[in-house]
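To start, the structure itself, in structure tokens.
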Number of protein chains: 2
Amino acid sequence: MSTIREVAKRAGVAPITVSRVLNNSGYFLPEIKERVESAAAELHYVPNQLARSLRFNRTNTLALILSDVTNPFWTTVARGVEDAASEHGYTVMLCNTDENDEKQEQYLSVLLSKRVDGILLVPARSTPEAVQRIQKQRVQVVVLDRTVPDVEVDIVRCASADGSYQLTHHLLELGHRRIAILSGPDSVSVSHERLAGYKRAFHEANLPIDESLIIHGEFTVERGIHMAQQAMLLNPAPTALIGMNNFISIGALKALQNMNLRCPQDISVASFDDLPNSMMVEPFFTVVAQPAYEIGRTATQLLLKRIANPHDTPVQSILLPTEFIIRQSTQPLNSKP
Amino acid sequence: MSTIREVAKRAGVAPITVSRVLNNSGYFLPEIKERVESAAAELHYVPNQLARSLRFNRTNTLALILSDVTNPFWTTVARGVEDAASEHGYTVMLCNTDENDEKQEQYLSVLLSKRVDGILLVPARSTPEAVQRIQKQRVQVVVLDRTVPDVEVDIVRCASADGSYQLTHHLLELGHRRIAILSGPDSVSVSHERLAGYKRAFHEANLPIDESLIIHGEFTVERGIHMAQQAMLLNPAPTALIGMNNFISIGALKALQNMNLRCPQDISVASFDDLPNSMMVEPFFTVVAQPAYEIGRTATQLLLKRIANPHDTPVQSILLPTEFIIRQSTQPLNSKP
DNA sequence: CTGTTAGCGCGTTCAT
DNA sequence: ATGAACGCGCTAACAG
């Protein structure tokens, strides 16, 4: 790892001259340029970005904090982030929190001390602390997927409430009344919103809500299995389930299979979050799909704009449209063929 | 963003004293400690890791260069990497190359100038240049999944040839003879190895190989569709397909559906790479599954060991075991039920 | 057009 | 037990 000084010495010039040539800034003679360039090449010189970052207070690095890349939804978001970032010469650090506040705190410490230029945050909990902590250090932050109360911060997400309203409305129209909702953690905003959409659909239909049909858990397959089992123990049993994310729904379907219940003949299942086309042979679930890639991409572009121009525009809340796709996992009540 | 100097001034001490207190190195009086700590807290002081990195030539950052996180196999590898890294206080930069050599080169430039402590590389092409470029800068590197000729470098991967041998052997035993192999790019080592396993199975069974059944493409759904279509145009048509990774196999199955061919009744399909349990309701493919998470984890641990002790042990090539899982996508030839 | 000086924030070395 | 000076690698500002 040679330094600029070594290159300078070899080229018989001052370090600053090397800097000027390699960054193509300021003036220099063609002959000097050549000498510097060949010296740099001979020494396999690689500029130390660390030193430049220290000077410029800019690392060209972003961080993406999310719950779990292993979920295809987040994977796709991550890919959108990475693509947008790399197009602009930025690099992305990936951090999985597993919705764990402590892990998130640890990552924040590291990232802030590494002086990342911006953070894309999927808050482990819908509380303002994390965002405030970032903003206190004057680091740019954009929140993804979830709302956060009591702070001014850019957010890119989907209309969760509308989505679950659509799913619920769809099932109601199919004649279902006992619709269980398998939700994520109570501490996350999307859980509340999606629940609100569910309730709205019932209210608009002038139907009462049975609170026992509302089950809180986590966004995992295991919890999905568990919640579905729990739901099916209710009396009367639900005739339809709504999984609040893809993993929960997959878990639910696994649970139903174990109970020898067929979907959709015996019970309908609707879901939030589609699985990427590349992972399914034949799409099966009726879903509200969120544009994962676009969420990542849009959020990153917004973040980069903020970094380039910190106080240019007022805080934005960008709502991306979801897509409601009816497939085979839902069917009219009592229509067993 | 306050600096150590500002904290020092507020505490009425010298910067070095702040350093000593916060890093708990050297001597200081309890009273000083308290003054420093409260000053740091009041200013929300966050040490500048950039400056430390510059001094120590250590960034506590790794890079993971792979083809596409969007593939569940790589996602899982990435999660293994991230977990192992964060356990040791390291942070991971994620880079998607799409098997594109140019993108890989660009990333390498950035990563080397950012002085990452180590690189986990899934080479876009099975040539030594990238590895050599990294090693020339004395940056530690571990190669994942693929072999690279003509360099001494640590590698963590699976026995690809054995895996495809198993798949082929399985299909041969089921009575299949026209077995098409839908492969990845010719430039990647795993393609060759998996092809070798295919050929070995045929040779051991004293069966001739029809080269037209060997089709090269890319590790994508689109190419999988295309290759399967191409295969089915052969005369006589194959009775079984082997997809060289999960995406190719899914593409193949989609193509078969479009042709109104049922799997496994009309044609068997075997595949490399399982889909994670969390993404499937009912696993369908007969596969050779690679321990993706363990690959990531093991490679990272090896890399960190190298970073801690660069020349300790000789170069290692770690071969992780695969798992052969027979499911519903393959069945005996001519046994249409 | 090129070079000298200085400083980004931190911690090692050597003094006190 | 505490501090001053120096340097990690780079470049802006100024000088020549």
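Ligands are numbered from 1 in the order shown, chains are lettered A, B, ... in the order of the structure tokens, and residues start at 1 in each chain.
For D:DC8, the set of protein, DNA and RNA residues having any atom at most 9 Å away, when counting only C-alpha atoms (C1' of nucleotides) and skipping those fewer than 5 positions along the same chain, is A:Ala51, B:Ala51, B:Arg52, B:Ser53, B:Leu54, B:Arg55, B:Phe56, B:Asn57.
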Find the nearest atom pair between each residue of chain B and chain C for residues within 12 Å, count only C-alpha atoms (C1' of nucleotides), give distances in Å to one decimal, sort rows by chain and ascending number, and present the table as a tab-separated table.
```
residue	atom	partner	partner_atom	distance
B:Met1	CA	C:DG9	C1'	11.4
B:Ser2	CA	C:DG9	C1'	10.2
B:Thr3	CA	C:DG9	C1'	6.9
B:Ile4	CA	C:DG9	C1'	7.3
B:Arg5	CA	C:DG9	C1'	8.6
B:Glu6	CA	C:DG9	C1'	11.1
B:Pro15	CA	C:DC10	C1'	9.1
B:Ile16	CA	C:DG11	C1'	7.3
B:Thr17	CA	C:DG11	C1'	10.4
B:Val18	CA	C:DG11	C1'	10.7
B:Ser19	CA	C:DG11	C1'	7.4
B:Arg20	CA	C:DG11	C1'	8.9
B:Leu22	CA	C:DG11	C1'	11.8
B:Asn23	CA	C:DG11	C1'	10.1
B:Ser25	CA	C:DG11	C1'	10.4
B:Gly26	CA	C:DG11	C1'	11.5
B:Val46	CA	C:DG9	C1'	11.3
B:Pro47	CA	C:DG9	C1'	8.5
B:Asn48	CA	C:DG9	C1'	6.6
B:Gln49	CA	C:DC10	C1'	8.6
B:Leu50	CA	C:DG9	C1'	8.0
B:Ala51	CA	C:DG9	C1'	5.1
B:Arg52	CA	C:DC10	C1'	5.5
B:Ser53	CA	C:DC10	C1'	9.0
B:Leu54	CA	C:DC10	C1'	8.6
B:Arg55	CA	C:DC10	C1'	7.2
B:Phe56	CA	C:DG11	C1'	9.2
```
Using the selection just defined, write its residues with C-alpha atoms as a short mmCIF file (atom, residue, chain, number, x, y, z; two decimals), in the first residue's frame.
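Written output follows (selection.cif):
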```cif
data_model
loop_
_atom_site.label_atom_id
_atom_site.label_comp_id
_atom_site.auth_asym_id
_atom_site.auth_seq_id
_atom_site.Cartn_x
_atom_site.Cartn_y
_atom_site.Cartn_z
CA MET B 1 -20.38 16.31 15.56
CA SER B 2 -18.07 17.37 18.29
CA THR B 3 -14.42 16.42 18.39
CA ILE B 4 -12.19 15.11 21.09
CA ARG B 5 -10.74 18.59 21.43
CA GLU B 6 -14.10 20.09 22.24
CA PRO B 15 -7.42 15.80 24.27
CA ILE B 16 -5.18 12.89 25.08
CA THR B 17 -6.74 12.64 28.51
CA VAL B 18 -10.14 12.32 26.95
CA SER B 19 -8.76 9.60 24.75
CA ARG B 20 -7.38 7.76 27.73
CA LEU B 22 -12.86 6.89 26.84
CA ASN B 23 -10.62 4.06 25.74
CA SER B 25 -6.12 3.14 28.57
CA GLY B 26 -3.36 4.55 30.74
CA VAL B 46 -19.10 10.19 19.02
CA PRO B 47 -15.46 9.21 18.40
CA ASN B 48 -14.43 9.53 14.79
CA GLN B 49 -13.63 6.03 13.63
CA LEU B 50 -12.24 7.46 10.42
CA ALA B 51 -9.40 9.12 12.27
CA ARG B 52 -8.69 5.99 14.24
CA SER B 53 -8.74 3.92 11.10
CA LEU B 54 -6.27 6.26 9.49
CA ARG B 55 -3.94 5.87 12.39
CA PHE B 56 -4.28 2.15 12.88
#
```
Which residues of chain A are close to chain B, meaning at most 7 Å apart when you count only C-alpha atoms, and how do they look as a ChimeraX atom specification?
/A:1,46-51,54,69-70,75-76,79,91-94,113-114,137,221,247,250,253-254,278,280-281
Please produce a file of the residues just selected, as a PDB file, in the first residue's frame, where the atoms kept are N, CA and C atoms.
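Saved file out.pdb follows:
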```
ATOM      1  N   MET A   1       0.840  -1.205   0.000  1.00  0.00           N
ATOM      2  CA  MET A   1       0.000   0.000   0.000  1.00  0.00           C
ATOM      3  C   MET A   1       0.871   1.248   0.000  1.00  0.00           C
ATOM      4  N   VAL A  46      -3.047   3.084  -4.709  1.00  0.00           N
ATOM      5  CA  VAL A  46      -4.490   3.192  -4.502  1.00  0.00           C
ATOM      6  C   VAL A  46      -4.726   4.297  -3.476  1.00  0.00           C
ATOM      7  N   PRO A  47      -5.339   5.396  -3.889  1.00  0.00           N
ATOM      8  CA  PRO A  47      -5.563   6.518  -2.953  1.00  0.00           C
ATOM      9  C   PRO A  47      -6.269   6.041  -1.695  1.00  0.00           C
ATOM     10  N   ASN A  48      -5.922   6.610  -0.586  1.00  0.00           N
ATOM     11  CA  ASN A  48      -6.535   6.236   0.677  1.00  0.00           C
ATOM     12  C   ASN A  48      -7.789   7.072   0.915  1.00  0.00           C
ATOM     13  N   GLN A  49      -8.917   6.443   0.696  1.00  0.00           N
ATOM     14  CA  GLN A  49     -10.187   7.133   0.830  1.00  0.00           C
ATOM     15  C   GLN A  49     -10.437   7.556   2.277  1.00  0.00           C
ATOM     16  N   LEU A  50      -9.834   6.833   3.187  1.00  0.00           N
ATOM     17  CA  LEU A  50      -9.971   7.165   4.603  1.00  0.00           C
ATOM     18  C   LEU A  50      -9.465   8.582   4.860  1.00  0.00           C
ATOM     19  N   ALA A  51      -8.311   8.859   4.322  1.00  0.00           N
ATOM     20  CA  ALA A  51      -7.711  10.176   4.525  1.00  0.00           C
ATOM     21  C   ALA A  51      -8.561  11.264   3.865  1.00  0.00           C
ATOM     22  N   LEU A  54     -11.601  11.874   5.921  1.00  0.00           N
ATOM     23  CA  LEU A  54     -11.292  12.650   7.123  1.00  0.00           C
ATOM     24  C   LEU A  54     -11.245  14.141   6.784  1.00  0.00           C
ATOM     25  N   VAL A  69     -32.421  -9.469   6.140  1.00  0.00           N
ATOM     26  CA  VAL A  69     -32.299  -9.601   4.677  1.00  0.00           C
ATOM     27  C   VAL A  69     -32.823 -10.906   4.153  1.00  0.00           C
ATOM     28  N   THR A  70     -32.980 -11.845   5.018  1.00  0.00           N
ATOM     29  CA  THR A  70     -33.391 -13.175   4.621  1.00  0.00           C
ATOM     30  C   THR A  70     -34.836 -13.187   4.140  1.00  0.00           C
ATOM     31  N   THR A  75     -34.819  -8.269   1.043  1.00  0.00           N
ATOM     32  CA  THR A  75     -33.768  -8.526   0.062  1.00  0.00           C
ATOM     33  C   THR A  75     -33.940  -7.618  -1.138  1.00  0.00           C
ATOM     34  N   THR A  76     -35.174  -7.538  -1.587  1.00  0.00           N
ATOM     35  CA  THR A  76     -35.448  -6.750  -2.782  1.00  0.00           C
ATOM     36  C   THR A  76     -35.265  -5.264  -2.501  1.00  0.00           C
ATOM     37  N   ARG A  79     -31.639  -4.624  -2.575  1.00  0.00           N
ATOM     38  CA  ARG A  79     -31.098  -4.556  -3.930  1.00  0.00           C
ATOM     39  C   ARG A  79     -31.394  -3.191  -4.560  1.00  0.00           C
ATOM     40  N   THR A  91     -21.457   3.383  -1.463  1.00  0.00           N
ATOM     41  CA  THR A  91     -21.346   2.004  -1.032  1.00  0.00           C
ATOM     42  C   THR A  91     -22.288   1.803   0.151  1.00  0.00           C
ATOM     43  N   VAL A  92     -22.796   0.583   0.316  1.00  0.00           N
ATOM     44  CA  VAL A  92     -23.819   0.354   1.338  1.00  0.00           C
ATOM     45  C   VAL A  92     -23.384  -0.672   2.387  1.00  0.00           C
ATOM     46  N   MET A  93     -23.547  -0.299   3.631  1.00  0.00           N
ATOM     47  CA  MET A  93     -23.324  -1.256   4.709  1.00  0.00           C
ATOM     48  C   MET A  93     -24.665  -1.858   5.091  1.00  0.00           C
ATOM     49  N   LEU A  94     -24.680  -3.155   5.234  1.00  0.00           N
ATOM     50  CA  LEU A  94     -25.928  -3.854   5.512  1.00  0.00           C
ATOM     51  C   LEU A  94     -25.981  -4.292   6.970  1.00  0.00           C
ATOM     52  N   SER A 113     -20.033   6.376  14.308  1.00  0.00           N
ATOM     53  CA  SER A 113     -18.597   6.607  14.486  1.00  0.00           C
ATOM     54  C   SER A 113     -17.848   6.375  13.178  1.00  0.00           C
ATOM     55  N   LYS A 114     -18.411   5.574  12.316  1.00  0.00           N
ATOM     56  CA  LYS A 114     -17.777   5.410  10.999  1.00  0.00           C
ATOM     57  C   LYS A 114     -18.130   6.550  10.065  1.00  0.00           C
ATOM     58  N   GLN A 137     -26.682  13.830  15.440  1.00  0.00           N
ATOM     59  CA  GLN A 137     -25.324  13.848  14.896  1.00  0.00           C
ATOM     60  C   GLN A 137     -25.290  14.472  13.507  1.00  0.00           C
ATOM     61  N   VAL A 221     -41.876 -17.164  10.064  1.00  0.00           N
ATOM     62  CA  VAL A 221     -42.613 -18.370   9.717  1.00  0.00           C
ATOM     63  C   VAL A 221     -43.071 -19.091  10.991  1.00  0.00           C
ATOM     64  N   PHE A 247     -43.900 -14.087   5.393  1.00  0.00           N
ATOM     65  CA  PHE A 247     -43.455 -15.186   6.245  1.00  0.00           C
ATOM     66  C   PHE A 247     -44.592 -15.715   7.115  1.00  0.00           C
ATOM     67  N   ILE A 250     -46.869 -17.816   4.985  1.00  0.00           N
ATOM     68  CA  ILE A 250     -46.306 -19.128   4.665  1.00  0.00           C
ATOM     69  C   ILE A 250     -46.396 -20.031   5.890  1.00  0.00           C
ATOM     70  N   LEU A 253     -49.925 -21.258   6.231  1.00  0.00           N
ATOM     71  CA  LEU A 253     -50.273 -22.328   5.307  1.00  0.00           C
ATOM     72  C   LEU A 253     -49.657 -23.654   5.751  1.00  0.00           C
ATOM     73  N   LYS A 254     -48.463 -23.577   6.280  1.00  0.00           N
ATOM     74  CA  LYS A 254     -47.839 -24.804   6.792  1.00  0.00           C
ATOM     75  C   LYS A 254     -48.667 -25.376   7.939  1.00  0.00           C
ATOM     76  N   SER A 278     -39.316 -14.710  -9.116  1.00  0.00           N
ATOM     77  CA  SER A 278     -38.200 -15.627  -9.334  1.00  0.00           C
ATOM     78  C   SER A 278     -38.160 -16.755  -8.316  1.00  0.00           C
ATOM     79  N   MET A 280     -41.016 -18.347  -7.152  1.00  0.00           N
ATOM     80  CA  MET A 280     -42.208 -19.178  -7.162  1.00  0.00           C
ATOM     81  C   MET A 280     -42.411 -19.769  -8.539  1.00  0.00           C
ATOM     82  N   VAL A 281     -42.783 -21.011  -8.563  1.00  0.00           N
ATOM     83  CA  VAL A 281     -43.127 -21.615  -9.836  1.00  0.00           C
ATOM     84  C   VAL A 281     -44.496 -21.116 -10.257  1.00  0.00           C
TER      85      VAL A 281
END
```
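Within 9 Å of chain B, chain D contributes the residues DA1, DT2, DG3, DG7, DC8 and DG9 of chain D, using only C-alpha atoms (C1' of nucleotides).
For the atom pair formed by atom CA of B:Val151 and atom CA of A:Ala41, the distance is 22.0 Å, given to one decimal.
For the set A:Glu105, A:Asp274, A:Glu99, A:Glu129, the residue with the smallest atom-to-atom gap to A:Arg327 is A:Asp274, counting only C-alpha atoms.
Across the model, the gap from atom CA of B:Tyr165 to atom CA of B:Met244 is 11.8 Å.
For stretch 63-204 of chain B, backbone-based DSSP assignment of strand (DSSP E or B) covers B:Ala63, B:Leu64, B:Ile65, B:Leu66, B:Thr91, B:Val92, B:Met93, B:Leu94, B:Cys95, B:Asn96, B:Gly118, B:Ile119, B:Leu120, B:Leu121, B:Gln140, B:Val141, B:Val142, B:Val143, B:Leu144, B:Asp154, B:Ile155, B:Val156, B:Arg157, B:Cys158, B:Ile179, B:Ala180, B:Ile181, B:Leu182, B:Ser183.
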